[in-house]
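To be precise, the following lines are query_34.cif, and they hold mmCIF, C-alpha atoms and all ligand atoms.
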data_my_file
loop_
_atom_site.label_atom_id
_atom_site.label_comp_id
_atom_site.auth_asym_id
_atom_site.auth_seq_id
_atom_site.Cartn_x
_atom_site.Cartn_y
_atom_site.Cartn_z
CA MET A 1 -13.41 1.47 14.91
CA HIS A 2 -16.20 2.54 12.57
CA LEU A 3 -17.61 4.89 15.17
CA LEU A 4 -14.14 6.26 15.84
CA ARG A 5 -13.66 6.94 12.15
CA ARG A 6 -17.00 8.70 11.90
CA LEU A 7 -16.31 10.71 15.02
CA SER A 8 -12.90 11.81 13.80
CA ALA A 9 -14.34 12.68 10.37
CA ALA A 10 -17.02 14.80 12.03
CA ASN A 11 -14.35 16.32 14.22
CA ALA A 12 -12.31 17.18 11.13
CA ARG A 13 -15.27 18.83 9.41
CA LEU A 14 -16.04 20.94 12.46
CA ALA A 15 -12.46 22.01 12.90
CA ALA A 16 -12.10 22.92 9.23
CA SER A 17 -14.86 25.45 9.48
CA VAL A 18 -12.83 27.16 12.21
CA ALA A 19 -9.33 26.91 10.83
CA VAL A 20 -7.56 24.64 8.40
CA GLY A 21 -4.47 24.32 10.54
CA ALA A 22 -6.61 23.30 13.48
CA SER A 23 -8.46 20.71 11.42
CA LEU A 24 -5.23 19.08 10.27
CA LEU A 25 -4.19 18.65 13.89
CA ALA A 26 -7.61 17.67 15.21
CA SER A 27 -8.25 14.84 12.79
CA THR A 28 -5.19 12.71 13.27
CA ALA A 29 -7.54 9.77 12.72
CA HIS A 30 -5.35 6.74 12.30
CA ALA A 31 -7.50 5.30 9.56
CA ASP A 32 -5.17 2.51 8.63
CA VAL A 33 -2.02 1.64 10.46
CA PRO A 34 -0.32 -1.64 11.24
CA HIS A 35 -1.23 -3.04 14.66
CA PRO A 36 0.82 -5.28 16.95
CA TRP A 37 0.20 -8.96 16.14
CA GLN A 38 -1.89 -8.01 13.13
CA MET A 39 -2.63 -11.15 11.09
CA TRP A 40 -4.49 -9.77 8.10
CA VAL A 41 -3.83 -7.00 5.59
CA GLN A 42 -4.93 -3.44 6.41
CA THR A 43 -8.55 -2.56 5.65
CA PRO A 44 -8.69 -1.49 1.99
CA ALA A 45 -9.57 2.17 1.51
CA SER A 46 -9.39 2.51 -2.28
CA PRO A 47 -10.82 0.60 -5.26
CA VAL A 48 -7.37 -0.80 -6.10
CA ALA A 49 -6.78 -1.97 -2.52
CA GLU A 50 -10.24 -3.60 -2.45
CA ARG A 51 -9.45 -5.59 -5.59
CA MET A 52 -6.02 -6.53 -4.19
CA ASP A 53 -7.77 -7.75 -1.07
CA SER A 54 -10.20 -9.96 -3.01
CA LEU A 55 -7.43 -11.35 -5.24
CA HIS A 56 -5.43 -12.11 -2.11
CA THR A 57 -8.45 -13.92 -0.62
CA LEU A 58 -9.01 -15.91 -3.84
CA VAL A 59 -5.36 -17.02 -4.00
CA LEU A 60 -5.38 -17.86 -0.30
CA TRP A 61 -8.40 -20.16 -0.82
CA ILE A 62 -6.75 -21.85 -3.80
CA ILE A 63 -3.45 -22.50 -2.03
CA THR A 64 -5.23 -23.66 1.13
CA ILE A 65 -7.26 -26.24 -0.81
CA ILE A 66 -4.16 -27.41 -2.73
CA THR A 67 -2.11 -27.68 0.48
CA ILE A 68 -4.81 -29.70 2.25
CA PHE A 69 -5.24 -31.95 -0.81
CA VAL A 70 -1.50 -32.64 -1.22
CA ALA A 71 -0.92 -33.14 2.52
CA GLY A 72 -3.89 -35.55 2.64
CA LEU A 73 -2.59 -37.54 -0.35
CA LEU A 74 0.84 -37.73 1.22
CA ALA A 75 -0.53 -38.96 4.54
CA TRP A 76 -2.68 -41.53 2.77
CA VAL A 77 0.25 -42.81 0.65
CA CYS A 78 2.49 -43.08 3.74
CA TYR A 79 -0.18 -45.06 5.52
CA ARG A 80 -1.62 -47.26 2.76
CA TYR A 81 1.57 -47.96 0.79
CA SER A 82 4.08 -48.47 3.58
CA ALA A 83 6.30 -51.58 3.19
CA LYS A 84 4.32 -53.24 5.98
CA ARG A 85 0.89 -52.87 4.32
CA ASN A 86 2.07 -53.11 0.72
CA PRO A 87 4.99 -55.58 0.54
CA ASN A 88 4.81 -55.98 -3.28
CA PRO A 89 4.97 -52.47 -4.79
CA SER A 90 3.32 -51.76 -8.14
CA GLN A 91 5.70 -51.62 -11.16
CA THR A 92 3.55 -49.06 -13.01
CA SER A 93 5.70 -46.40 -14.74
CA HIS A 94 3.18 -44.63 -17.03
CA ASN A 95 -0.40 -43.56 -16.78
CA THR A 96 -1.43 -41.26 -19.63
CA LEU A 97 -4.66 -40.10 -18.04
CA LEU A 98 -2.93 -39.20 -14.76
CA GLU A 99 -0.08 -37.39 -16.51
CA VAL A 100 -2.47 -35.31 -18.62
CA ALA A 101 -4.49 -34.54 -15.49
CA TRP A 102 -1.56 -33.38 -13.34
CA THR A 103 -0.33 -31.19 -16.18
CA LEU A 104 -3.66 -29.73 -17.23
CA ILE A 105 -5.19 -29.09 -13.81
CA PRO A 106 -2.26 -26.92 -12.55
CA VAL A 107 -2.33 -25.03 -15.87
CA LEU A 108 -6.03 -24.31 -15.41
CA ILE A 109 -5.42 -23.20 -11.81
CA LEU A 110 -2.64 -20.84 -12.94
CA VAL A 111 -4.86 -19.40 -15.69
CA ALA A 112 -7.63 -18.91 -13.12
CA ILE A 113 -5.18 -16.88 -11.01
CA ALA A 114 -3.60 -15.07 -13.97
CA ILE A 115 -6.85 -13.63 -15.37
CA PRO A 116 -7.88 -11.55 -12.30
CA SER A 117 -4.20 -10.82 -11.63
CA PHE A 118 -3.63 -9.24 -15.06
CA ARG A 119 -6.92 -7.35 -14.83
CA LEU A 120 -5.74 -5.87 -11.53
CA VAL A 121 -2.30 -4.97 -12.90
CA TYR A 122 -3.95 -2.96 -15.68
CA PHE A 123 -6.54 -1.47 -13.33
CA GLU A 124 -3.91 -0.10 -10.96
CA ASP A 125 -1.65 1.02 -13.79
CA ARG A 126 -3.34 4.36 -14.42
CA THR A 127 -6.63 6.18 -14.22
CA GLN A 128 -8.27 7.51 -17.35
CA ALA A 129 -9.95 10.34 -15.46
CA ALA A 130 -7.55 11.92 -12.99
CA ASP A 131 -8.98 14.76 -10.90
CA LEU A 132 -5.56 15.82 -9.66
CA THR A 133 -1.92 14.80 -9.88
CA VAL A 134 0.61 14.43 -7.09
CA LYS A 135 4.22 14.07 -8.13
CA VAL A 136 6.32 12.19 -5.60
CA THR A 137 10.09 12.65 -5.61
CA ALA A 138 12.04 10.42 -3.27
CA HIS A 139 15.18 11.61 -1.53
CA GLN A 140 17.54 10.08 1.00
CA TRP A 141 15.59 10.28 3.37
CA TYR A 142 12.44 12.24 2.86
CA TRP A 143 9.66 12.65 0.33
CA GLU A 144 9.05 15.71 -1.81
CA TYR A 145 5.52 16.32 -3.09
CA THR A 146 4.48 18.51 -6.00
CA TYR A 147 0.93 19.43 -7.02
CA PRO A 148 1.20 20.52 -10.68
CA ASP A 149 -2.54 21.37 -10.80
CA ALA A 150 -2.12 23.77 -7.88
CA GLY A 151 0.45 26.06 -9.41
CA GLY A 152 3.29 23.65 -8.71
CA LEU A 153 2.75 23.67 -4.95
CA ASN A 154 5.86 21.93 -3.63
CA PHE A 155 6.92 20.78 -0.19
CA SER A 156 8.99 18.17 1.58
CA SER A 157 7.80 15.65 4.14
CA TYR A 158 10.08 14.40 6.90
CA VAL A 159 9.59 11.82 9.63
CA VAL A 160 8.75 13.27 13.05
CA ALA A 161 11.68 12.56 15.34
CA ALA A 162 10.89 10.34 18.33
CA ASP A 163 11.45 13.15 20.83
CA GLN A 164 9.25 15.55 18.86
CA LEU A 165 6.13 13.34 18.66
CA LYS A 166 2.89 15.03 19.72
CA PRO A 167 0.32 12.97 21.66
CA GLY A 168 -1.36 10.50 19.33
CA GLN A 169 1.39 10.66 16.73
CA LEU A 170 3.01 7.43 15.66
CA ARG A 171 6.74 6.82 15.82
CA LEU A 172 8.32 6.29 12.40
CA LEU A 173 4.94 6.82 10.69
CA ASP A 174 3.95 10.44 11.31
CA VAL A 175 5.49 13.20 9.25
CA ASP A 176 5.79 16.97 9.50
CA ASN A 177 3.88 17.67 6.27
CA GLN A 178 1.18 15.21 5.22
CA VAL A 179 0.04 14.71 1.64
CA VAL A 180 -3.50 16.12 1.63
CA VAL A 181 -5.98 14.85 -0.97
CA PRO A 182 -9.76 15.14 -1.40
CA VAL A 183 -11.87 12.06 -0.64
CA GLY A 184 -13.55 10.39 -3.64
CA LYS A 185 -11.28 11.97 -6.26
CA ASN A 186 -8.98 10.11 -8.61
CA VAL A 187 -5.43 11.02 -7.71
CA ARG A 188 -2.77 10.34 -10.30
CA VAL A 189 0.57 9.56 -8.64
CA LEU A 190 3.83 10.05 -10.50
CA THR A 191 6.91 8.72 -8.76
CA THR A 192 10.55 9.50 -9.38
CA SER A 193 13.74 9.80 -7.35
CA ALA A 194 16.48 12.37 -6.93
CA ASP A 195 19.14 9.90 -5.78
CA VAL A 196 18.74 6.13 -5.36
CA ILE A 197 15.85 3.73 -5.91
CA HIS A 198 13.05 4.07 -3.34
CA SER A 199 9.51 2.73 -3.31
CA PHE A 200 6.31 4.66 -2.56
CA TYR A 201 4.15 2.24 -0.61
CA VAL A 202 0.77 2.84 1.04
CA PRO A 203 -0.81 -0.57 1.71
CA SER A 204 -4.36 0.50 2.58
CA LEU A 205 -4.59 2.47 -0.70
CA GLY A 206 -3.09 -0.31 -2.82
CA VAL A 207 -0.24 1.94 -3.91
CA GLN A 208 3.26 0.61 -4.46
CA ARG A 209 5.53 2.11 -7.05
CA TYR A 210 9.28 2.28 -7.43
CA ALA A 211 10.80 5.74 -7.36
CA ILE A 212 13.70 5.50 -9.82
CA PRO A 213 16.14 8.28 -10.75
CA GLY A 214 15.58 9.42 -14.35
CA ARG A 215 12.23 7.68 -14.68
CA THR A 216 8.65 8.65 -13.94
CA ILE A 217 6.28 5.85 -12.99
CA GLU A 218 2.54 6.24 -12.75
CA THR A 219 -0.24 4.81 -10.61
CA TRP A 220 -3.38 6.16 -8.96
CA PHE A 221 -5.67 5.94 -5.96
CA ARG A 222 -9.05 7.17 -4.82
CA VAL A 223 -9.56 7.34 -1.07
CA ASP A 224 -13.03 6.16 -0.09
CA ARG A 225 -13.23 7.65 3.40
CA PRO A 226 -11.60 10.52 5.30
CA GLY A 227 -8.63 9.74 7.50
CA VAL A 228 -4.87 9.43 7.57
CA TYR A 229 -3.32 6.56 5.65
CA TYR A 230 0.22 5.56 6.44
CA GLY A 231 2.91 4.02 4.32
CA GLU A 232 6.67 3.73 4.16
CA CYS A 233 9.51 3.60 1.72
CA ASN A 234 9.52 -0.03 0.64
CA GLN A 235 12.90 -0.33 -1.03
CA ILE A 236 16.04 -0.38 1.06
CA CYS A 237 17.64 2.92 0.15
CA GLY A 238 20.38 3.49 2.69
CA ASN A 239 21.02 4.13 6.38
CA ASN A 240 17.74 5.79 7.20
CA HIS A 241 15.47 3.81 4.91
CA SER A 242 13.23 3.05 7.89
CA ALA A 243 12.77 6.74 8.59
CA MET A 244 10.97 7.93 5.48
CA PRO A 245 7.30 7.31 6.21
CA ILE A 246 4.34 8.47 4.15
CA ALA A 247 1.16 10.01 5.58
CA ILE A 248 -1.76 10.69 3.25
CA HIS A 249 -4.57 12.73 4.75
CA ALA A 250 -7.88 12.37 2.92
CA VAL A 251 -10.26 15.26 3.60
CA THR A 252 -13.50 16.64 2.15
CA GLU A 253 -13.34 18.80 -0.96
CA ALA A 254 -13.97 21.99 1.03
CA GLU A 255 -11.20 21.14 3.48
CA TYR A 256 -8.90 20.35 0.58
CA ALA A 257 -9.59 23.71 -1.08
CA ALA A 258 -8.93 25.47 2.23
CA TRP A 259 -5.73 23.47 2.74
CA LEU A 260 -4.49 24.45 -0.75
CA VAL A 261 -4.88 28.15 0.04
CA ASP A 262 -3.10 27.69 3.34
CA ALA A 263 -0.36 25.42 1.97
CA LYS A 264 0.47 27.74 -0.92
CA LYS A 265 1.19 30.51 1.59
CA LYS A 266 3.01 28.26 4.03
CA PHE A 267 5.28 26.52 1.56
CA ALA A 268 5.98 29.60 -0.58
CA ALA A 269 7.86 30.97 2.43
CA ASN A 270 9.72 27.70 2.99
CA PRO A 271 13.19 27.20 1.58
CA ALA A 272 13.75 24.37 -0.91
CA PRO A 273 14.01 20.88 0.60
CA ASP A 274 17.32 20.63 2.36
CA ALA A 275 18.99 17.25 2.32
CA ASN A 276 21.14 18.22 5.31
CA ARG A 277 18.06 18.75 7.40
CA PHE A 278 17.77 15.04 7.93
CA ALA A 279 20.99 15.02 9.92
CA ALA A 280 19.23 17.09 12.57
CA ILE A 281 16.43 14.56 12.97
CA GLN A 282 17.01 11.59 15.23
CA PRO A 283 14.31 9.11 14.24
CU CU B 301 13.76 5.00 0.51
#
What would the structure in this file look like if it were written as C-alpha cells?
Ligand SMILES: [Cu+2]
Amino acid sequence: MHLLRRLSAANARLAASVAVGASLLASTAHADVPHPWQMWVQTPASPVAERMDSLHTLVLWIITIITIFVAGLLAWVCYRYSAKRNPNPSQTSHNTLLEVAWTLIPVLILVAIAIPSFRLVYFEDRTQAADLTVKVTAHQWYWEYTYPDAGGLNFSSYVVAADQLKPGQLRLLDVDNQVVVPVGKNVRVLTTSADVIHSFYVPSLGVQRYAIPGRTIETWFRVDRPGVYYGECNQICGNNHSAMPIAIHAVTEAEYAAWLVDAKKKFAANPAPDANRFAAIQP
C-alpha cells in the first residue's frame, strides 16, 4: 500500500509537469477508502485524524479492561455465591469504603477520558494559521465549493453516475469535480447549506461538520500525504443522501498552483450549479 501510494504520488508529479488535466486523471490514488470487511478506522491522514485515532485507541483499551473486569466479577459471583455453594447469604447492606470506591473510580476514569477528549474538540475546532479557505455549501444532492482566496473560484461537485464510471473510479465515492488542496497546508473549512441539514464528513482527514442553512461552521485539516481522500454526506438529507460523496485530492504546491490556473478558466465558463442536473444522474 505504501509503495502504491509512493508510486501514484510520483506518477502524479510526472503527469503534472506535462498537463494538469492529465495529472488529475493519472493520480486517482485511492489513498483512503473503506474496504470490504474493514474492521478498523481508515488510516489517519491529518493531524486531527491522528489524534482521533489515538483517542479511539485509548477509549477502546479502557472499555476493554472494564468489560473484562466486570464480566470476570460476574462469572466469579455466579460461581462462588450460587445457592449451592453459599446457602446462607450475607445480610450486608452498606460498605462505605466500597461505595466510595465504585463512585470515585468511575469518576476518575471519565475525567481521564474527558481531558484528551476536550483537548481534541478544541484542536479540531479551528486553525490559528490557515493557509487557504474552502467554503463548502451543501445542496440536495451535490456539494458546492468556493475558494475565497482564489478570487472566489466556485464549482459544484456531483457523484459520478454508475454507468459513467471510468476504470478505477469508485461507485458512489468518485465525483466529477474533486476538491483540490495542497499537501501540508492548513485548510480552513467553512460549511453551510442551501437547503436542508447535511454533514461534511471525510473520515481519514478527521473532518465532520454539519452543513446547516443560515449558519457557517468552521473546522480545518492538513493533509499529510498526496492522494485522494473520500467522504460522504453524513446526515440523512433526502432521497439521494447516499449519492453526495466527497473527494479531496491532495497534491503538491506546484500542482495546486497549476490546478488553480486551469480551474479558474474551466469553471468561469461553467454555468452556476444547477439543482435540476441531479435528475439526469442515475447513481
Ligand atoms: Cu446530504
Handout entry: Who sits within 8 Å of A:Val160, all atoms listed in the file, same chain under 2 positions skipped, as a ChimeraX atom specification
Key = /A:158,162,164-165,171-176,281,283
Practice task
Return as a PyMOL selection string the residues of protein, DNA or RNA that approach ligand CU 301 (chain B) to within 6 Å, with all atoms listed in the file taken into account.
Solution key: chain A and resi 198+233+235-237+241
Practice task
Between atom CA of A:Ile66 and atom CA of A:Thr103, measure the distance and give it in Å to one decimal.
Solution key: 14.5 Å
Problem - Contacts of A:Val202 at 8 Å (only C-alpha atoms; same-chain gap of 3+ positions) as a list in words - result: Leu205, Gly206, Val207, Gln208, Tyr229, Tyr230, Gly231, Glu232 and Ile246 of chain A
If we count only C-alpha atoms and set the cut-off at 12 Å, which residues sit around A:Leu58, ignoring sequence neighbours fewer than 3 positions away in its own chain? Please answer as an mmCIF file with C-alpha atoms, keeping the file's coordinate frame.
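Written out: result.cif:
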data_model
loop_
_atom_site.group_PDB
_atom_site.id
_atom_site.type_symbol
_atom_site.label_atom_id
_atom_site.label_comp_id
_atom_site.auth_asym_id
_atom_site.auth_seq_id
_atom_site.Cartn_x
_atom_site.Cartn_y
_atom_site.Cartn_z
ATOM 1 C CA ARG A 51 -9.450 -5.590 -5.590
ATOM 2 C CA MET A 52 -6.020 -6.530 -4.190
ATOM 3 C CA ASP A 53 -7.770 -7.750 -1.070
ATOM 4 C CA SER A 54 -10.200 -9.960 -3.010
ATOM 5 C CA LEU A 55 -7.430 -11.350 -5.240
ATOM 6 C CA TRP A 61 -8.400 -20.160 -0.820
ATOM 7 C CA ILE A 62 -6.750 -21.850 -3.800
ATOM 8 C CA ILE A 63 -3.450 -22.500 -2.030
ATOM 9 C CA THR A 64 -5.230 -23.660 1.130
ATOM 10 C CA ILE A 65 -7.260 -26.240 -0.810
ATOM 11 C CA ILE A 109 -5.420 -23.200 -11.810
ATOM 12 C CA ALA A 112 -7.630 -18.910 -13.120
ATOM 13 C CA ILE A 113 -5.180 -16.880 -11.010
ATOM 14 C CA ALA A 114 -3.600 -15.070 -13.970
ATOM 15 C CA ILE A 115 -6.850 -13.630 -15.370
ATOM 16 C CA PRO A 116 -7.880 -11.550 -12.300
ATOM 17 C CA SER A 117 -4.200 -10.820 -11.630
#
Quick one: residues within 8 Å of A:Asp224, all atoms listed in the file counted, chain neighbours fewer than 4 positions away excluded, as a PDB file with C-alpha atoms, in the frame of the given file?
ATOM      1  CA  ALA A  45      -9.570   2.170   1.510  1.00  0.00           C
ATOM      2  CA  SER A  46      -9.390   2.510  -2.280  1.00  0.00           C
ATOM      3  CA  PRO A  47     -10.820   0.600  -5.260  1.00  0.00           C
ATOM      4  CA  VAL A 183     -11.870  12.060  -0.640  1.00  0.00           C
ATOM      5  CA  GLY A 184     -13.550  10.390  -3.640  1.00  0.00           C
TER       6      GLY A 184
END
Practice task
Using atom CA of A:Lys264 and atom CA of A:Trp141 as the two end points, give the distance in Å to one decimal.
Solution key: 23.5 Å
Exercise for the section: With only C-alpha atoms counted, which protein, DNA or RNA residues have an atom no more than 9 Å from (-10.7, 9.3, -9.5) in the file frame? Please answer as an NGL selection string. Expected result: :A and (127-132 or 184-188 or 220-223)
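Once stretch 143-156 of chain A and its same-chain neighbours fewer than 4 positions away are set aside, Leu132, Thr133, Val134, Lys135, Val136, Thr137, Ala138, His139, Asp176, Asn177, Val179, Met244, Pro245, Ile246, Leu260, Ala263, Lys264, Phe267, Ala268, Asn270, Ala272, Pro273 and Asp274 of chain A remain within 9 Å of it when counting only C-alpha atoms.
The gap separating atom CA of A:Glu218 from atom CA of A:Phe123 is 11.9 Å, in Å to one decimal.
With only C-alpha atoms as the basis for measurement, A:Val228 is the residue among A:Val48, A:Val228, A:Trp40, A:Val189 that approaches A:Leu170 most closely.
Distance check against A:Val196 using only C-alpha atoms: of A:Gln140, A:Thr57, A:Thr252, A:Ser82, the minimum falls on A:Gln140.
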If I only have part of stretch 147-172 of chain A, can you fill in N, CA and C atoms and write it as a compact mmCIF listing (two decimals), in the coordinates of the input?
# COMPACT_ATOMS: atom_id res chain seq x y z
N TYR A 147 2.29 19.43 -6.49
CA TYR A 147 0.93 19.43 -7.02
C TYR A 147 0.91 20.30 -8.28
N PRO A 148 1.13 19.71 -9.45
CA PRO A 148 1.20 20.52 -10.68
C PRO A 148 -0.11 21.27 -10.97
N ASP A 149 -1.25 20.70 -10.53
CA ASP A 149 -2.54 21.37 -10.80
C ASP A 149 -2.76 22.57 -9.87
N ALA A 150 -1.94 22.68 -8.84
CA ALA A 150 -2.12 23.77 -7.88
C ALA A 150 -0.94 24.72 -7.97
N GLY A 151 -0.62 25.09 -9.20
CA GLY A 151 0.45 26.06 -9.41
C GLY A 151 1.82 25.54 -8.99
N GLY A 152 1.98 24.23 -9.03
CA GLY A 152 3.29 23.65 -8.71
C GLY A 152 3.60 23.68 -7.22
N LEU A 153 2.56 23.73 -6.40
CA LEU A 153 2.75 23.67 -4.95
C LEU A 153 3.75 22.55 -4.62
N ASN A 154 4.76 22.88 -3.83
CA ASN A 154 5.86 21.93 -3.63
C ASN A 154 6.32 21.99 -2.18
N PHE A 155 6.42 20.80 -1.57
CA PHE A 155 6.92 20.78 -0.19
C PHE A 155 7.57 19.45 0.11
N SER A 156 8.34 19.42 1.20
CA SER A 156 8.99 18.17 1.58
C SER A 156 8.31 17.62 2.82
N SER A 157 8.48 16.33 3.04
CA SER A 157 7.80 15.65 4.14
C SER A 157 8.81 14.76 4.86
N TYR A 158 9.09 15.13 6.11
CA TYR A 158 10.08 14.40 6.90
C TYR A 158 9.41 13.63 8.03
N VAL A 159 10.05 12.57 8.46
CA VAL A 159 9.59 11.82 9.63
C VAL A 159 9.63 12.76 10.85
N VAL A 160 8.70 12.53 11.79
CA VAL A 160 8.75 13.27 13.05
C VAL A 160 9.70 12.51 13.98
N ALA A 161 10.71 13.20 14.46
CA ALA A 161 11.68 12.56 15.34
C ALA A 161 11.00 12.07 16.61
N ALA A 162 11.53 10.98 17.17
CA ALA A 162 10.89 10.34 18.33
C ALA A 162 10.66 11.32 19.48
N ASP A 163 11.60 12.23 19.69
CA ASP A 163 11.45 13.15 20.83
C ASP A 163 10.58 14.36 20.50
N GLN A 164 10.09 14.42 19.27
CA GLN A 164 9.25 15.55 18.86
C GLN A 164 7.78 15.13 18.69
N LEU A 165 7.49 13.85 18.92
CA LEU A 165 6.13 13.34 18.66
C LEU A 165 5.10 14.03 19.55
N LYS A 166 3.99 14.47 18.93
CA LYS A 166 2.89 15.03 19.72
C LYS A 166 2.01 13.86 20.17
N PRO A 167 1.18 14.07 21.20
CA PRO A 167 0.32 12.97 21.66
C PRO A 167 -0.52 12.43 20.51
N GLY A 168 -0.57 11.13 20.39
CA GLY A 168 -1.36 10.50 19.33
C GLY A 168 -0.58 10.27 18.05
N GLN A 169 0.59 10.88 17.94
CA GLN A 169 1.39 10.66 16.73
C GLN A 169 2.15 9.35 16.84
N LEU A 170 2.40 8.76 15.68
CA LEU A 170 3.01 7.43 15.66
C LEU A 170 4.48 7.53 15.29
N ARG A 171 5.30 6.83 16.07
CA ARG A 171 6.74 6.82 15.82
C ARG A 171 7.04 6.16 14.48
N LEU A 172 7.88 6.78 13.71
CA LEU A 172 8.32 6.29 12.40
C LEU A 172 7.19 6.18 11.38
